[in-house]
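Trainee: Sharing final_34.cif here; it has mmCIF, C-alpha atoms and all ligand atoms.
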```cif
data_start
loop_
_atom_site.label_atom_id
_atom_site.label_comp_id
_atom_site.auth_asym_id
_atom_site.auth_seq_id
_atom_site.Cartn_x
_atom_site.Cartn_y
_atom_site.Cartn_z
CA MET A 1 105.25 130.74 121.95
CA LEU A 2 104.30 127.17 122.80
CA GLU A 3 103.67 126.76 126.52
CA LEU A 4 102.94 123.59 128.46
CA HIS A 5 102.09 124.23 132.10
CA ASP A 6 101.81 121.50 134.74
CA ILE A 7 100.61 118.88 132.27
CA THR A 8 99.39 115.59 133.67
CA ALA A 9 98.53 113.00 131.04
CA GLY A 10 98.43 109.28 130.36
CA TYR A 11 96.28 106.34 129.45
CA ASP A 12 94.79 105.49 132.83
CA ARG A 13 93.39 108.29 134.98
CA LYS A 14 94.56 106.54 138.13
CA ALA A 15 98.16 106.22 136.93
CA PRO A 16 99.22 109.09 134.63
CA VAL A 17 102.58 108.66 132.90
CA VAL A 18 103.27 112.42 132.76
CA ARG A 19 102.89 114.41 135.97
CA ASP A 20 103.15 118.19 136.24
CA ALA A 21 105.34 118.67 133.18
CA SER A 22 106.10 122.21 132.06
CA LEU A 23 108.15 123.59 129.19
CA THR A 24 108.07 126.47 126.74
CA VAL A 25 109.31 126.88 123.20
CA ALA A 26 109.81 130.51 122.17
CA PRO A 27 109.32 131.82 118.63
CA ARG A 28 112.16 130.56 116.37
CA GLU A 29 113.60 128.54 119.23
CA ALA A 30 114.72 124.90 118.99
CA VAL A 31 114.27 123.00 122.25
CA GLY A 32 115.50 119.46 122.79
CA LEU A 33 113.87 117.10 125.28
CA LEU A 34 115.86 114.18 126.65
CA GLY A 35 114.75 111.47 129.02
CA PRO A 36 114.89 107.76 129.71
CA SER A 37 112.81 105.33 127.71
CA GLY A 38 109.21 105.14 128.86
CA CYS A 39 109.27 108.32 130.99
CA GLY A 40 106.51 109.96 128.95
CA LYS A 41 108.29 112.14 126.35
CA SER A 42 106.16 110.96 123.43
CA THR A 43 102.99 111.35 125.46
CA LEU A 44 103.93 114.95 126.25
CA ALA A 45 104.86 115.55 122.59
CA ARG A 46 101.42 114.27 121.55
CA VAL A 47 99.76 116.62 124.04
CA ALA A 48 101.73 119.51 122.51
CA ALA A 49 100.69 118.40 119.01
CA LEU A 50 97.00 118.39 120.06
CA LEU A 51 96.81 114.62 119.56
CA HIS A 52 96.36 113.60 123.20
CA ARG A 53 94.12 115.35 125.69
CA PRO A 54 95.81 115.91 129.07
CA GLU A 55 94.00 115.24 132.32
CA ALA A 56 95.26 118.47 133.88
CA GLY A 57 97.38 121.47 133.04
CA ALA A 58 97.36 124.09 130.30
CA LEU A 59 98.63 124.32 126.73
CA LEU A 60 98.92 127.80 125.21
CA LEU A 61 99.80 128.52 121.61
CA ASP A 62 100.76 132.16 121.05
CA GLY A 63 98.87 133.00 124.23
CA GLU A 64 95.70 131.17 123.17
CA HIS A 65 94.48 128.52 125.61
CA VAL A 66 93.91 125.19 123.85
CA ARG A 67 90.68 123.64 125.11
CA ARG A 68 90.05 120.91 122.53
CA TRP A 69 92.27 118.13 121.22
CA ARG A 70 92.35 115.67 118.29
CA HIS A 71 89.59 116.11 115.71
CA ARG A 72 87.86 118.61 118.02
CA ALA A 73 90.83 120.99 117.99
CA PRO A 74 90.30 124.11 115.86
CA ARG A 75 91.73 123.60 112.39
CA ASP A 76 93.92 126.71 112.49
CA LEU A 77 95.67 125.37 115.59
CA ARG A 78 95.90 121.79 114.30
CA THR A 79 97.48 122.92 111.05
CA ALA A 80 99.93 125.22 112.85
CA ILE A 81 101.72 122.18 114.29
CA GLY A 82 103.59 119.54 112.32
CA ILE A 83 104.75 116.31 113.93
CA VAL A 84 107.12 113.57 112.80
CA PHE A 85 107.12 110.28 114.70
CA GLN A 86 109.87 107.76 115.36
CA GLN A 87 108.44 104.91 113.31
CA PRO A 88 107.35 106.02 109.84
CA ARG A 89 105.72 102.65 109.10
CA LEU A 90 103.29 103.10 111.96
CA SER A 91 102.43 106.67 111.04
CA ALA A 92 102.13 106.33 107.23
CA ASP A 93 99.03 104.90 105.57
CA PRO A 94 100.41 101.81 103.74
CA ARG A 95 97.87 102.22 100.90
CA LEU A 96 99.06 105.67 99.84
CA ARG A 97 101.77 106.38 97.30
CA LEU A 98 104.38 108.74 98.75
CA THR A 99 103.09 111.59 96.61
CA ASP A 100 99.58 111.20 98.10
CA LEU A 101 100.97 110.72 101.59
CA ILE A 102 102.76 114.08 101.39
CA ALA A 103 99.86 115.92 99.74
CA GLU A 104 97.10 114.49 101.95
CA PRO A 105 97.03 117.39 104.50
CA LEU A 106 96.62 119.88 101.62
CA ARG A 107 93.71 117.89 100.18
CA ALA A 108 92.13 117.45 103.62
CA THR A 109 92.18 121.21 104.18
CA GLY A 110 90.81 122.15 100.74
CA ARG A 111 94.13 123.40 99.34
CA ARG A 112 94.49 121.03 96.36
CA ASP A 113 95.64 123.84 94.09
CA GLU A 114 98.85 124.15 96.11
CA VAL A 115 99.79 120.47 95.62
CA PRO A 116 102.00 120.77 92.49
CA ASP A 117 104.12 123.63 93.81
CA ARG A 118 104.47 122.24 97.32
CA MET A 119 105.41 118.78 96.02
CA THR A 120 108.21 120.26 93.92
CA GLU A 121 109.53 122.34 96.81
CA LEU A 122 109.27 119.65 99.45
CA THR A 123 110.63 116.67 97.58
CA SER A 124 113.72 118.71 96.84
CA ALA A 125 113.88 120.02 100.43
CA VAL A 126 113.82 116.55 101.97
CA GLY A 127 115.93 114.89 99.25
CA LEU A 128 113.29 112.57 97.73
CA THR A 129 113.82 111.72 94.08
CA SER A 130 110.82 111.66 91.71
CA ASP A 131 111.09 107.90 91.03
CA LEU A 132 110.18 107.23 94.67
CA LEU A 133 107.00 109.29 94.68
CA ASP A 134 104.83 106.68 92.94
CA ARG A 135 105.85 103.95 95.37
CA ARG A 136 103.94 102.82 98.42
CA PRO A 137 105.55 102.64 101.89
CA HIS A 138 106.46 98.93 101.61
CA GLU A 139 108.42 99.71 98.43
CA VAL A 140 110.82 102.23 100.04
CA SER A 141 113.40 102.17 102.83
CA ASP A 142 112.76 103.47 106.35
CA GLY A 143 114.89 106.53 105.61
CA GLN A 144 113.03 107.29 102.37
CA LEU A 145 109.69 106.88 104.13
CA GLN A 146 110.78 109.15 106.98
CA ARG A 147 111.76 111.80 104.41
CA ALA A 148 108.20 111.59 103.05
CA CYS A 149 106.78 111.84 106.59
CA LEU A 150 108.86 114.96 107.21
CA ALA A 151 107.62 116.46 103.92
CA ARG A 152 104.04 115.71 105.00
CA ALA A 153 104.65 117.39 108.37
CA LEU A 154 105.94 120.50 106.59
CA VAL A 155 103.38 120.64 103.79
CA LEU A 156 101.01 123.05 105.60
CA ARG A 157 103.91 125.28 106.67
CA PRO A 158 103.51 124.75 110.44
CA ARG A 159 104.71 127.39 112.90
CA TRP A 160 105.73 124.66 115.33
CA LEU A 161 107.42 121.42 114.40
CA ILE A 162 107.63 118.48 116.80
CA CYS A 163 110.16 115.77 115.96
CA ASP A 164 109.56 112.79 118.22
CA GLU A 165 112.70 110.66 117.89
CA MET A 166 112.53 111.37 114.17
CA THR A 167 115.97 109.96 113.43
CA ALA A 168 116.15 107.16 116.02
CA MET A 169 116.02 104.36 113.43
CA LEU A 170 118.16 106.03 110.78
CA ASP A 171 121.81 106.04 109.73
CA ALA A 172 124.10 109.05 110.19
CA SER A 173 123.74 110.30 106.62
CA THR A 174 119.93 110.21 106.63
CA THR A 175 119.88 111.76 110.11
CA ALA A 176 122.05 114.64 108.87
CA ALA A 177 119.81 115.08 105.82
CA LEU A 178 116.60 115.23 107.85
CA VAL A 179 118.06 117.60 110.45
CA ALA A 180 119.31 119.84 107.63
CA ALA A 181 115.86 119.80 106.01
CA VAL A 182 114.25 120.84 109.29
CA GLU A 183 116.81 123.59 109.87
CA ASN A 184 116.48 124.92 106.32
CA TYR A 185 112.70 125.03 106.79
CA ARG A 186 113.08 126.83 110.12
CA ALA A 187 115.54 129.34 108.65
CA ALA A 188 113.09 130.10 105.84
CA THR A 189 109.93 130.32 107.95
CA GLY A 190 110.96 131.12 111.53
CA ALA A 191 109.19 128.00 112.80
CA SER A 192 109.97 126.71 116.29
CA LEU A 193 111.06 123.17 117.08
CA LEU A 194 110.57 120.68 119.89
CA ALA A 195 112.91 117.74 119.27
CA VAL A 196 112.42 114.70 121.50
CA GLY A 197 115.12 112.06 121.67
CA HIS A 198 117.74 109.96 123.41
CA ASP A 199 120.77 111.21 121.50
CA HIS A 200 122.42 113.85 123.74
CA ALA A 201 125.08 114.74 121.18
CA LEU A 202 122.59 115.23 118.35
CA LEU A 203 120.17 117.34 120.41
CA ARG A 204 122.99 119.47 121.80
CA ARG A 205 124.26 120.21 118.28
CA TRP A 206 120.76 120.72 116.88
CA CYS A 207 118.95 122.75 119.53
CA ASP A 208 119.32 126.13 121.22
CA ARG A 209 118.40 124.60 124.57
CA VAL A 210 118.23 121.01 125.80
CA LEU A 211 116.01 120.02 128.71
CA HIS A 212 116.13 116.81 130.65
CA TRP A 213 112.90 115.15 131.72
CA ASN A 214 113.83 115.86 135.34
CA GLU A 215 113.79 119.59 134.67
CA VAL A 216 110.50 119.44 132.80
CA THR A 217 108.72 117.57 135.57
CA GLY A 218 110.50 119.22 138.49
CA GLN A 219 111.79 115.88 139.78
CA ALA A 220 115.21 115.61 141.40
CA PRO A 221 117.82 114.73 138.78
CA SER A 222 119.24 111.22 138.97
CA GLY A 223 122.88 110.20 138.39
CA THR A 224 125.38 113.05 138.53
CA GLY A 225 122.71 115.71 138.35
CA LYS A 226 124.75 117.38 135.62
CA LEU A 227 122.41 118.78 133.01
CA PRO A 228 123.15 119.04 129.32
CA GLU A 229 124.77 122.22 128.08
CA THR A 230 123.29 124.31 125.33
CA SER A 231 125.02 124.66 121.98
CA ARG A 232 124.07 125.33 118.42
CA LEU A 233 124.10 123.04 115.42
CA ARG A 234 126.52 123.73 112.63
CA LYS A 235 124.03 123.25 109.84
CA PRO A 236 124.85 121.28 106.70
CA SER A 237 123.84 123.44 103.72
CA VAL A 238 122.98 120.60 101.34
CA VAL A 239 120.43 117.86 101.89
CA PRO A 240 121.97 114.56 100.72
CA PRO A 241 119.63 112.61 98.40
CA ALA A 242 117.63 109.66 99.67
CA THR A 243 119.45 106.35 99.82
N1 LIG B 1 98.58 103.98 123.94
C1 LIG B 1 99.06 103.65 125.14
N2 LIG B 1 98.30 102.96 126.02
C2 LIG B 1 98.76 102.64 127.25
N3 LIG B 1 100.00 102.96 127.70
C3 LIG B 1 100.81 103.63 126.85
C4 LIG B 1 100.39 103.99 125.55
N4 LIG B 1 101.40 104.67 124.94
C5 LIG B 1 102.41 104.69 125.84
N5 LIG B 1 102.05 104.08 126.98
C6 LIG B 1 102.88 103.94 128.18
O1 LIG B 1 103.14 105.23 128.69
C7 LIG B 1 104.48 105.31 129.18
C8 LIG B 1 105.19 106.47 128.51
O2 LIG B 1 105.29 106.19 127.12
P1 LIG B 1 105.95 107.23 126.11
O3 LIG B 1 105.90 106.60 124.76
O4 LIG B 1 105.32 108.56 126.29
O5 LIG B 1 107.45 107.28 126.67
P2 LIG B 1 108.78 107.81 125.99
O6 LIG B 1 109.52 108.57 127.03
O7 LIG B 1 108.49 108.53 124.73
O8 LIG B 1 109.53 106.44 125.68
P3 LIG B 1 110.59 106.08 124.52
O9 LIG B 1 111.76 107.00 124.75
O10 LIG B 1 110.91 104.65 124.78
O11 LIG B 1 109.91 106.30 123.20
C9 LIG B 1 105.13 103.96 128.93
O12 LIG B 1 105.08 103.22 130.14
C10 LIG B 1 104.23 103.31 127.90
O13 LIG B 1 104.19 101.92 128.04
#
```
Using structure tokens, write down the structure from this file.
Mentor:
Amino acid sequence: MLELHDITAGYDRKAPVVRDASLTVAPREAVGLLGPSGCGKSTLARVAALLHRPEAGALLLDGEHVRRWRHRAPRDLRTAIGIVFQQPRLSADPRLRLTDLIAEPLRATGRRDEVPDRMTELTSAVGLTSDLLDRRPHEVSDGQLQRACLARALVLRPRWLICDEMTAMLDASTTAALVAAVENYRAATGASLLAVGHDHALLRRWCDRVLHWNEVTGQAPSGTGKLPETSRLRKPSVVPPAT
């Protein structure tokens, strides 16, 4: 279980961008988080991924209170969470070939011997062809680079996966491929998912439950006040190859 309780976080102590946000993601559950641009979704996602220390509130992972963030977070907790960001070019080291980008977390955690097997599994899982693996980020498309970023997020077999607007810049075919890759991974491992985004239709198809920012922060809903309904994704069984 991933639990965020009354999280307050931001970049200026006097003006936090997230105030009293709470949500939980149960084992094997896929939770979608919707909200207007700039409300603080990515900041909350980064708190959940142990990348941003909150000013107040509690994060529990399987009942264990997280007390340290970023490089101070315990390795077993850091490696239990995988995150994929919206803009692959900002999150991928431009000097690394895709093969090194994907394998880097294994090398950083002393698991080099797993690299060959994991590369074979993951490149097939995310639909990356072998000719792309020797290229650097500027030599591939956004969709191909995002596939590599997803493979990197999965390489340590995280128990929780956070997709922060993972498909916002991508076409429908690449979006379907990446969602299918995530769902195939979750079906095989039982991992949980927090998917942040703006696309109501996609999150409602993809996730077991969809929360609006108003619900997470306890603010009064704006507009009609009608909240998204829950429904399940009909999963594509084949990951289309990278284009
Ligand atoms: N590193 C930073 N330093 C200062 N302010 C930041 C930083 N990152 C984000 N912000 C601000 O915090 C607020 C929330 O940003 P955040 O990215 O969490 O929102 P979001 O809901 O994910 O937005 P979007 O849907 O547009 O991606 C915004 O006003 C943004 O300008």
Trainee: Within 6 Å of ligand LIG 1 (chain B), which residues show up when you count all atoms listed in the file? List them as an mmCIF file with C-alpha atoms, in the frame of the given file, please.
Mentor:
```
data_model
loop_
_atom_site.group_PDB
_atom_site.id
_atom_site.type_symbol
_atom_site.label_atom_id
_atom_site.label_comp_id
_atom_site.auth_asym_id
_atom_site.auth_seq_id
_atom_site.Cartn_x
_atom_site.Cartn_y
_atom_site.Cartn_z
ATOM 1 C CA TYR A 11 96.280 106.340 129.450
ATOM 2 C CA VAL A 17 102.580 108.660 132.900
ATOM 3 C CA PRO A 36 114.890 107.760 129.710
ATOM 4 C CA SER A 37 112.810 105.330 127.710
ATOM 5 C CA GLY A 38 109.210 105.140 128.860
ATOM 6 C CA CYS A 39 109.270 108.320 130.990
ATOM 7 C CA GLY A 40 106.510 109.960 128.950
ATOM 8 C CA LYS A 41 108.290 112.140 126.350
ATOM 9 C CA SER A 42 106.160 110.960 123.430
ATOM 10 C CA THR A 43 102.990 111.350 125.460
#
```
Trainee: Find the residues around Val31 of chain A up to 8 Å (only C-alpha atoms counted), leave out those fewer than 5 positions away in its own chain, and share them as a list in words.
Mentor: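 So the residues in contact are Val25, Leu193, Leu194, Ala195, Cys207, Asp208, Arg209, Val210 and Leu211 of chain A.
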Trainee: What does the structure give for the distance between atom CA of Thr189 of chain A and atom CA of Glu29 of chain A, in Å to one decimal?
Mentor: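 Spanning atom CA of Thr189 of chain A to atom CA of Glu29 of chain A is a straight-line distance of 12.0 Å.
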Trainee: Ranking A:Ala26, A:Leu4, A:Leu132, A:Ala176 by minimum distance to Gly190 of chain A and counting all atoms listed in the file, which one comes first?
Mentor: A:Ala26
Trainee: Which residues are close to Arg118 of chain A, i.e. within 12 Å by only C-alpha atoms, leaving aside same-chain residues fewer than 3 positions away? Reply as an MDAnalysis selection string.
Mentor: chainID A and resid 99 102:107 111:115 121:126 151:152 154:157
Trainee: Measuring between all atoms listed in the file, which one of A:Gly143, A:Thr109, A:Arg95, A:Leu170 shows the shortest distance to Arg78 of chain A?
Mentor: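 Between A:Gly143, A:Thr109, A:Arg95, A:Leu170, the residue approaching Arg78 of chain A most closely is A:Thr109.
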Trainee: Show me the residues around (109.4, 106.0, 110.8) - criterion: an atom at most 12 Å away, all atoms listed in the file counted - as a PyMOL selection string.
Mentor: chain A and resi 83-93+137-138+140-150+163-170+175
Trainee: Smallest atom-to-atom distance to Glu139 of chain A: which of A:Arg97, A:Lys14, A:Arg159, A:Arg70, using only C-alpha atoms?
Mentor: A:Arg97
Trainee: Hey, what's within 9 Å of Leu51 of chain A if we count all atoms listed in the file and toss same-chain stuff fewer than 5 positions away? As a VMD selection string, please?
Mentor: chain A and resid 45 to 46 69 to 71 73 78
Trainee: Using only C-alpha atoms for the distances, tell me which of A:Arg72, A:Arg28, A:His5, A:His65 is nearest to Leu44 of chain A.
Mentor: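 Ranked by minimum distance to Leu44 of chain A, first place goes to A:His5.
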Trainee: Pick from A:Val216, A:Val47, A:Met1, A:Ala9: nearest to Glu64 of chain A, with only C-alpha atoms counted?
Mentor: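 Using only C-alpha atoms, the shortest distance to Glu64 of chain A belongs to A:Met1.
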Trainee: Do a neighbour search on Ala181 of chain A at 8 Å with all atoms listed in the file, toss out local chain neighbours closer than 3 positions, and write the hits as a list in words.
Mentor: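 Contacts, with the query itself left out: Ala125, Val126, Ala177, Leu178, Asn184, Tyr185 and Val239 of chain A.
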Trainee: Produce the centre coordinates and the three edge lengths, each in Å to one decimal, of the box along x, y and z that contains all listed atoms of segment 140-145 of chain A with 8 Å added on each side, as JSON.
Mentor:
```
{"center_x": 112.3, "center_y": 104.7, "center_z": 103.2, "size_x": 21.2, "size_y": 21.1, "size_z": 22.3}
```
Trainee: Under the rule that all atoms listed in the file are counted, which of A:Val179, A:Leu33, A:Leu50, A:Ile7 is the nearest residue to Val66 of chain A?
Mentor: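 Selected residue with least distance to Val66 of chain A: A:Leu50.
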Trainee: What does the distance between atom CA of Ala30 of chain A and atom CA of Thr174 of chain A come to in Å, to one decimal place?
Mentor: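 According to the coordinates, atom CA of Ala30 of chain A and atom CA of Thr174 of chain A are separated by 19.9 Å.
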Trainee: What does the structure give for the distance between atom CA of Glu55 of chain A and atom CA of Asp12 of chain A, in Å to one decimal?
Mentor: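 Computing the Euclidean distance for atom CA of Glu55 of chain A and atom CA of Asp12 of chain A yields 9.8 Å.
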Trainee: List as a ChimeraX atom specification: which residues have an atom within 12 Å of (124.7, 109.7, 120.7), counting all atoms listed in the file?
Mentor: /A:34,167-168,171-172,175,197-205
Trainee: Can those selected residues be exported to a file as a PDB file, in the coordinates of the input so that it contains C-alpha atoms?
Mentor:
```
ATOM      1  CA  LEU A  34     115.860 114.180 126.650  1.00  0.00           C
ATOM      2  CA  THR A 167     115.970 109.960 113.430  1.00  0.00           C
ATOM      3  CA  ALA A 168     116.150 107.160 116.020  1.00  0.00           C
ATOM      4  CA  ASP A 171     121.810 106.040 109.730  1.00  0.00           C
ATOM      5  CA  ALA A 172     124.100 109.050 110.190  1.00  0.00           C
ATOM      6  CA  THR A 175     119.880 111.760 110.110  1.00  0.00           C
ATOM      7  CA  GLY A 197     115.120 112.060 121.670  1.00  0.00           C
ATOM      8  CA  HIS A 198     117.740 109.960 123.410  1.00  0.00           C
ATOM      9  CA  ASP A 199     120.770 111.210 121.500  1.00  0.00           C
ATOM     10  CA  HIS A 200     122.420 113.850 123.740  1.00  0.00           C
ATOM     11  CA  ALA A 201     125.080 114.740 121.180  1.00  0.00           C
ATOM     12  CA  LEU A 202     122.590 115.230 118.350  1.00  0.00           C
ATOM     13  CA  LEU A 203     120.170 117.340 120.410  1.00  0.00           C
ATOM     14  CA  ARG A 204     122.990 119.470 121.800  1.00  0.00           C
ATOM     15  CA  ARG A 205     124.260 120.210 118.280  1.00  0.00           C
TER      16      ARG A 205
END
```
Trainee: Where atoms are missing, can you supply N, CA and C atoms for segment 188-200 of chain A and output the lot as a tab-separated table (two decimals), in the coordinates of the input?
Mentor:
```tsv
chain	number	residue	atom	x	y	z
A	188	ALA	N	113.92	129.42	106.83
A	188	ALA	CA	113.09	130.10	105.84
A	188	ALA	C	111.79	130.63	106.43
A	189	THR	N	111.28	129.98	107.47
A	189	THR	CA	109.93	130.32	107.95
A	189	THR	C	109.91	130.89	109.36
A	190	GLY	N	110.97	130.69	110.13
A	190	GLY	CA	110.96	131.12	111.53
A	190	GLY	C	110.23	130.18	112.45
A	191	ALA	N	109.92	128.97	111.98
A	191	ALA	CA	109.19	128.00	112.80
A	191	ALA	C	110.03	127.59	114.01
A	192	SER	N	109.32	127.21	115.08
A	192	SER	CA	109.97	126.71	116.29
A	192	SER	C	110.02	125.19	116.25
A	193	LEU	N	110.88	124.62	117.10
A	193	LEU	CA	111.06	123.17	117.08
A	193	LEU	C	111.09	122.61	118.50
A	194	LEU	N	110.39	121.51	118.69
A	194	LEU	CA	110.57	120.68	119.89
A	194	LEU	C	111.07	119.33	119.39
A	195	ALA	N	112.32	119.00	119.74
A	195	ALA	CA	112.91	117.74	119.27
A	195	ALA	C	113.07	116.81	120.46
A	196	VAL	N	112.38	115.68	120.42
A	196	VAL	CA	112.42	114.70	121.50
A	196	VAL	C	113.38	113.59	121.10
A	197	GLY	N	114.21	113.14	122.04
A	197	GLY	CA	115.12	112.06	121.67
A	197	GLY	C	115.94	111.52	122.81
A	198	HIS	N	116.82	110.57	122.44
A	198	HIS	CA	117.74	109.96	123.41
A	198	HIS	C	119.18	110.38	123.13
A	199	ASP	N	119.41	110.96	121.96
A	199	ASP	CA	120.77	111.21	121.50
A	199	ASP	C	121.23	112.59	122.00
A	200	HIS	N	121.96	112.59	123.14
A	200	HIS	CA	122.42	113.85	123.74
A	200	HIS	C	123.21	114.67	122.73
```
